[in-house]
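> What follows is a structure written as structure tokens; I'll ask about it next.
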Amino acid sequence: MRLLVKVARMYHERGLRQPEIAEHLNMSQPRVSRLLKEAVDRDVVRTVVVPPEGVHAELEDALIARYGLREAIVVEVEGSGFDVIPALAAATATVLDATLKRGDVIGISSWSATLLESVNVMRAKTPSVVQEVVQMLGGSGSPEVQLHATRLTSRLAELTGGRPVFAPSAALVGSRELRDLLSREPAMAEAMQAWSRLTLALVGIGTLEPSPLLRRSGNAITAEDQRRLKELGAVGDVCARYFDITGKPVDAPFNDRLIGIEPDQLRAVERRLGVAGGLNKVAAIRGALRGGWVNVLITDVEVAQELLTD
């Protein structure tokens, strides 16, 4: 035991390399290596990780364990009541930069202000890694807002080297018959076929109250639809597919008029990265996690803490 402590202190406290320790103590380097391992096994040496300020590894691990996630990223937001979008966008850009791999096919929801900001701050990938960037929800709307949806897809494709695949239709159309007709148009059919090839889905998580961007697009649900969804127990949506607090899909009155990826198709995507924050979205995020709508979450500290309460 005395020898264990001596070797451990020489290595960890004095910073000597293993060959130096072996020479000083007149023993072989493999024996030094074995002694260092034994020091750990016998609890003589303990490794302590001290996260720097702003890193919330324990919260992230707790979210992963509670909801069965692949990954969780919890970000610090400056002060209470501040806009969470810049912090979430920066984290999303960083995660994409670190995790995108060659051959990825990215699906992206069209009407997320946070994802738009993420693309604005993202760096170009060199060399190109992504095969395609595909809209998962109709991207047409009012002319002054449609530019955002188109720019989101085209800019992400430009940054990653992928081919943009647009969904040239409104998300909500007037009838089921019109939806079926538009779905057979060549450009729209191409996008729908690409949904089966997705390896990564990038989505926002919405509440019953449409975001300002979605409202201005002309694709937002009506007040009557909101009332009906509330009666059905809906708490939020991913790609305009609404679910209750348990994550179970609800039978929204406009489901047969929606042009977008189907729930089962979305949940079959290997990595489903949801980006959402702010205490007003806690119920929606909780439902999305419980229902497996996303399996990677980027959110803020306050929301993470609420998600871990019963």
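Quick note on naming: the chains in the structure tokens go A, B, ... in the order shown, residues restart at 1 in each chain, and ligands are numbered from 1 in order of appearance.
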What's the 9 Å shell around stretch 20-23 of chain A, counting only C-alpha atoms, without same-chain residues fewer than 4 positions away, as number ranges by chain?

A: 7, 10-11, 16, 27-32

> Can you spit out the residues from that selection as a short mmCIF file (atom, residue, chain, number, x, y, z; two decimals), in the first residue's frame, using N, CA and C atoms?


data_model
loop_
_atom_site.label_atom_id
_atom_site.label_comp_id
_atom_site.auth_asym_id
_atom_site.auth_seq_id
_atom_site.Cartn_x
_atom_site.Cartn_y
_atom_site.Cartn_z
N VAL A 7 3.89 5.72 -5.69
CA VAL A 7 3.81 5.79 -7.16
C VAL A 7 2.70 6.75 -7.59
N MET A 10 3.81 10.38 -7.08
CA MET A 10 4.81 10.79 -8.07
C MET A 10 4.15 11.11 -9.41
N TYR A 11 3.14 10.29 -9.76
CA TYR A 11 2.49 10.45 -11.06
C TYR A 11 1.49 11.60 -11.07
N LEU A 16 5.37 13.31 -12.74
CA LEU A 16 6.41 12.50 -13.39
C LEU A 16 5.76 11.51 -14.36
N MET A 27 12.23 -0.12 -11.12
CA MET A 27 11.26 -1.17 -11.48
C MET A 27 10.87 -1.01 -12.94
N SER A 28 10.16 -1.98 -13.48
CA SER A 28 9.77 -1.90 -14.89
C SER A 28 8.60 -0.94 -15.07
N GLN A 29 8.49 -0.38 -16.29
CA GLN A 29 7.37 0.52 -16.58
C GLN A 29 6.03 -0.21 -16.53
N PRO A 30 5.93 -1.47 -17.03
CA PRO A 30 4.65 -2.18 -16.90
C PRO A 30 4.21 -2.31 -15.44
N ARG A 31 5.18 -2.50 -14.52
CA ARG A 31 4.79 -2.61 -13.11
C ARG A 31 4.27 -1.27 -12.59
N VAL A 32 4.87 -0.18 -13.03
CA VAL A 32 4.37 1.14 -12.64
C VAL A 32 2.94 1.32 -13.12
#

> Which polymer residues have any atom within 8 Å of an atom of A:Leu100, counting only C-alpha atoms, with same-chain residues fewer than 4 positions away left out, as a short mmCIF file (atom, residue, chain, number, x, y, z; two decimals) with all heavy atoms, in the first residue's frame?


data_model
loop_
_atom_site.label_atom_id
_atom_site.label_comp_id
_atom_site.auth_asym_id
_atom_site.auth_seq_id
_atom_site.Cartn_x
_atom_site.Cartn_y
_atom_site.Cartn_z
N LEU A 96 -24.44 20.72 -34.04
CA LEU A 96 -24.43 20.30 -35.45
C LEU A 96 -23.01 20.27 -36.00
O LEU A 96 -22.63 19.34 -36.72
CB LEU A 96 -25.30 21.24 -36.29
CG LEU A 96 -26.81 21.18 -36.02
CD1 LEU A 96 -27.53 22.23 -36.87
CD2 LEU A 96 -27.35 19.79 -36.31
N ASP A 104 -25.20 12.18 -44.06
CA ASP A 104 -26.42 12.52 -43.33
C ASP A 104 -27.46 13.14 -44.26
O ASP A 104 -27.12 13.90 -45.18
CB ASP A 104 -26.11 13.52 -42.21
CG ASP A 104 -25.80 12.85 -40.89
OD1 ASP A 104 -26.23 11.69 -40.70
OD2 ASP A 104 -25.13 13.46 -40.05
N VAL A 129 -20.40 17.49 -45.83
CA VAL A 129 -20.69 16.22 -45.17
C VAL A 129 -22.10 15.71 -45.43
O VAL A 129 -22.35 14.51 -45.42
CB VAL A 129 -20.47 16.31 -43.64
CG1 VAL A 129 -18.99 16.49 -43.33
CG2 VAL A 129 -21.29 17.44 -43.03
N VAL A 130 -23.04 16.62 -45.64
CA VAL A 130 -24.45 16.24 -45.70
C VAL A 130 -24.87 15.95 -47.14
O VAL A 130 -24.44 16.61 -48.08
CB VAL A 130 -25.33 17.36 -45.10
CG1 VAL A 130 -26.81 17.13 -45.38
CG2 VAL A 130 -25.09 17.43 -43.59
#

> If you run DSSP on the backbone here, which positions in stretch 120-283 of chain A get strand (DSSP E or B)? Please write them as a PyMOL selection string.

chain A and resi 130-135+137+140+163-165+170+172+200-204+206+234-238+241-244+249+258+260+271-275

> Restricting the calculation to only C-alpha atoms: of A:Asp83, A:Glu306, A:Glu76, A:Asp43, which residue gets closest to A:Ala57?

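Nearest to A:Ala57: A:Glu76.
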
> Stretch 36-264 of chain A: which residues are alpha helix (DSSP H) by DSSP, as a PyMOL selection string?

chain A and resi 36-41+57-67+85-99+113-121+143-160+176-183+186-194+212-217+223-231+263-264
